[in-house]
Amino acid sequence: MMEHDEKRFRELIHRQRDLIWRVCSSYKLSAAWTTEDSFHEVLCDLWQGYGAFDRRSSESTWVYRVAVNTMNSLARKKGNQPTALPPERHDPSYRDDDYRDLVELIEAMPEPDRTIVKAHVQGFGYKEVSGITGLSIAAVSMRLSRALRKLRKLYNQK
Amino acid sequence: MRDFDKQLKRYGDELKNARCPYSDVELDRVIRSVVWSEKVIPNEPPTKRLRTKWLWPSVAAAACLAAILIPLNIDDRANGDIARVVIDGQHLYFACNNGCSPEGTLETFKTMIR
């Protein structure tokens with residue numbers, strides 16, 4: 001990597017820091033993994049992929065995609081599954097049963113539905129979610145619709 | 001009937017409101033560490049990254065230990081072993097490029113200073 005790449009990478013991370021943190025903090029991993037650890041992992045993957053970023057998708061879509069892939073990869077690894085609620089889940093709002101039920105249902109969703117729902121509620125459009133997941137726009141639309149219908153049903157049954 | 005739409009909106013709002021807690025200076029330090037770890041061996045990114053960290057009681061204590069550990073970096077390229085220490089405030093991070101676990105790398109460094 002050239003010096004100017006490092007400078008541009010640093011600027012990109014400064015622009016997208018909240019987005020990266022948001023993805024990291026939305027995953028439940030084992031107690032050994034703080035959001036800070038996950039953030040570092042995502043930064044490593046972003047740096048390694050930065051040279052290949054072809055700008056066909058927007059910067060935020062690319063960053064979100066890499067962050068989600070990193071977090072999904074970490075979540076799949078043996079030993080990284082949560083054994084207890086992470087500290088951020090102990091906040092007062094999370095003690096609200098209705099809210100907690102919904103969060104748990106979303107976190108238990110299979111991929112790529114979980115990623116699609118999370119991106120949707122944060123305001124990403126179909127095209128951006130398509131860029132994040134690699135699915136067609138039509139597939140994203142269909143999956144989102146089905147996932148929300150199922151989520152609503154499970155939530156009302158809980 | 002519980003209000004699904006209200007709770008879903010709240011979930012989205014909470015995600016959107018999450019903010020990275022690093023100051024600009026702290027974030028630059030983290031980025032430098034990440035870029036530096038990649039530079040350990042260009043074209044051969046570390047398979048284990050800045051994962052294992054060792055918290056010390058103060059920045060000064062971490063700096064003192066780093067002064068001892070950093071010159072001890074394992075550099076045995078013939079065997080594919082490169083392991084490094086990165087200091088970040090009160091934390092020492094251990095990065096390596098080969099199949100060693102980061103925990104193993106930390107233990108190696110601990111052994112070297114005993």
# chains A, B, ... in the order shown; residues from 1 in each chain; ligands from 1
>>> interface_residues(of="chain A", to="chain B", cutoff="7 Å", atoms="only C-alpha atoms", output="ChimeraX atom specification")
/A:10,17-18,21-22,37,43-44,99,121-122,152,156
>>> select_by_dssp(residues="chain A", states="alpha helix (DSSP H)", output="count of residues only")
106
>>> residues_around(residues="Asn72 (chain A)", least_positions_apart="6", cutoff="10 Å", atoms="only C-alpha atoms", output="mmCIF file with C-alpha atoms, in the first residue's frame")
data_model
loop_
_atom_site.group_PDB
_atom_site.id
_atom_site.type_symbol
_atom_site.label_atom_id
_atom_site.label_comp_id
_atom_site.auth_asym_id
_atom_site.auth_seq_id
_atom_site.Cartn_x
_atom_site.Cartn_y
_atom_site.Cartn_z
ATOM 1 C CA TYR A 27 -23.747 -8.760 17.324
ATOM 2 C CA VAL A 66 -17.126 -6.116 4.988
ATOM 3 C CA GLU A 111 -28.546 -15.322 7.495
ATOM 4 C CA PRO A 112 -28.973 -13.484 5.200
ATOM 5 C CA THR A 115 -28.504 -8.852 7.797
#
>>> residues_around(residues="Leu144 (chain A)", least_positions_apart="2", cutoff="9 Å", atoms="only C-alpha atoms", output="CSV table (one decimal) with N, CA and C atoms, in the first residue's frame")
chain,number,residue,atom,x,y,z
A,113,ASP,N,-31.2,-13.3,6.2
A,113,ASP,CA,-32.4,-12.5,6.6
A,113,ASP,C,-32.1,-11.5,7.7
A,116,ILE,N,-30.4,-8.6,6.3
A,116,ILE,CA,-31.3,-7.8,5.5
A,116,ILE,C,-32.2,-6.9,6.4
A,117,VAL,N,-32.7,-7.5,7.5
A,117,VAL,CA,-33.6,-6.8,8.4
A,117,VAL,C,-32.8,-5.7,9.1
A,120,HIS,N,-32.2,-2.9,6.7
A,120,HIS,CA,-33.5,-2.2,6.4
A,120,HIS,C,-33.9,-1.2,7.5
A,139,ALA,N,-34.6,-10.4,-5.0
A,139,ALA,CA,-34.5,-11.4,-3.9
A,139,ALA,C,-34.5,-10.7,-2.6
A,140,VAL,N,-33.8,-9.5,-2.5
A,140,VAL,CA,-33.8,-8.8,-1.2
A,140,VAL,C,-35.2,-8.4,-0.9
A,141,SER,N,-36.0,-7.8,-1.8
A,141,SER,CA,-37.3,-7.4,-1.6
A,141,SER,C,-38.2,-8.6,-1.1
A,142,MET,N,-38.1,-9.7,-1.8
A,142,MET,CA,-38.9,-10.9,-1.4
A,142,MET,C,-38.5,-11.4,0.0
A,146,ARG,N,-40.8,-11.4,3.5
A,146,ARG,CA,-41.0,-12.7,4.2
A,146,ARG,C,-40.5,-12.7,5.6
A,147,ALA,N,-39.3,-12.1,5.7
A,147,ALA,CA,-38.6,-12.1,7.0
A,147,ALA,C,-39.4,-11.2,8.0
A,148,LEU,N,-39.9,-10.1,7.6
A,148,LEU,CA,-40.7,-9.2,8.4
A,148,LEU,C,-42.0,-9.8,8.8
A,149,ARG,N,-42.6,-10.5,7.8
A,149,ARG,CA,-43.9,-11.2,8.1
A,149,ARG,C,-43.7,-12.3,9.2
>>> atom_distance(atom1="CA of Glu59 (chain A)", atom2="CA of Glu6 (chain A)")
15.8 Å
>>> atom_distance(atom1="CA of Pro82 (chain A)", atom2="CA of Val129 (chain A)")
26.6 Å
>>> residues_around(residues="region 54-57 of chain A", least_positions_apart="2", cutoff="12 Å", atoms="only C-alpha atoms", output="list of chain:residue names")
A:Gly49, A:Tyr50, A:Gly51, A:Ala52, A:Glu59, A:Ser60, A:Thr61, A:Trp62, A:Val63, A:Tyr64, A:Arg65, A:Lys127, A:Glu128, A:Val129, A:Ser130, A:Gly131, A:Ile132, A:Thr133, A:Gly134
>>> atom_distance(atom1="CA of Ser136 (chain A)", atom2="CA of Gln48 (chain A)")
26.0 Å
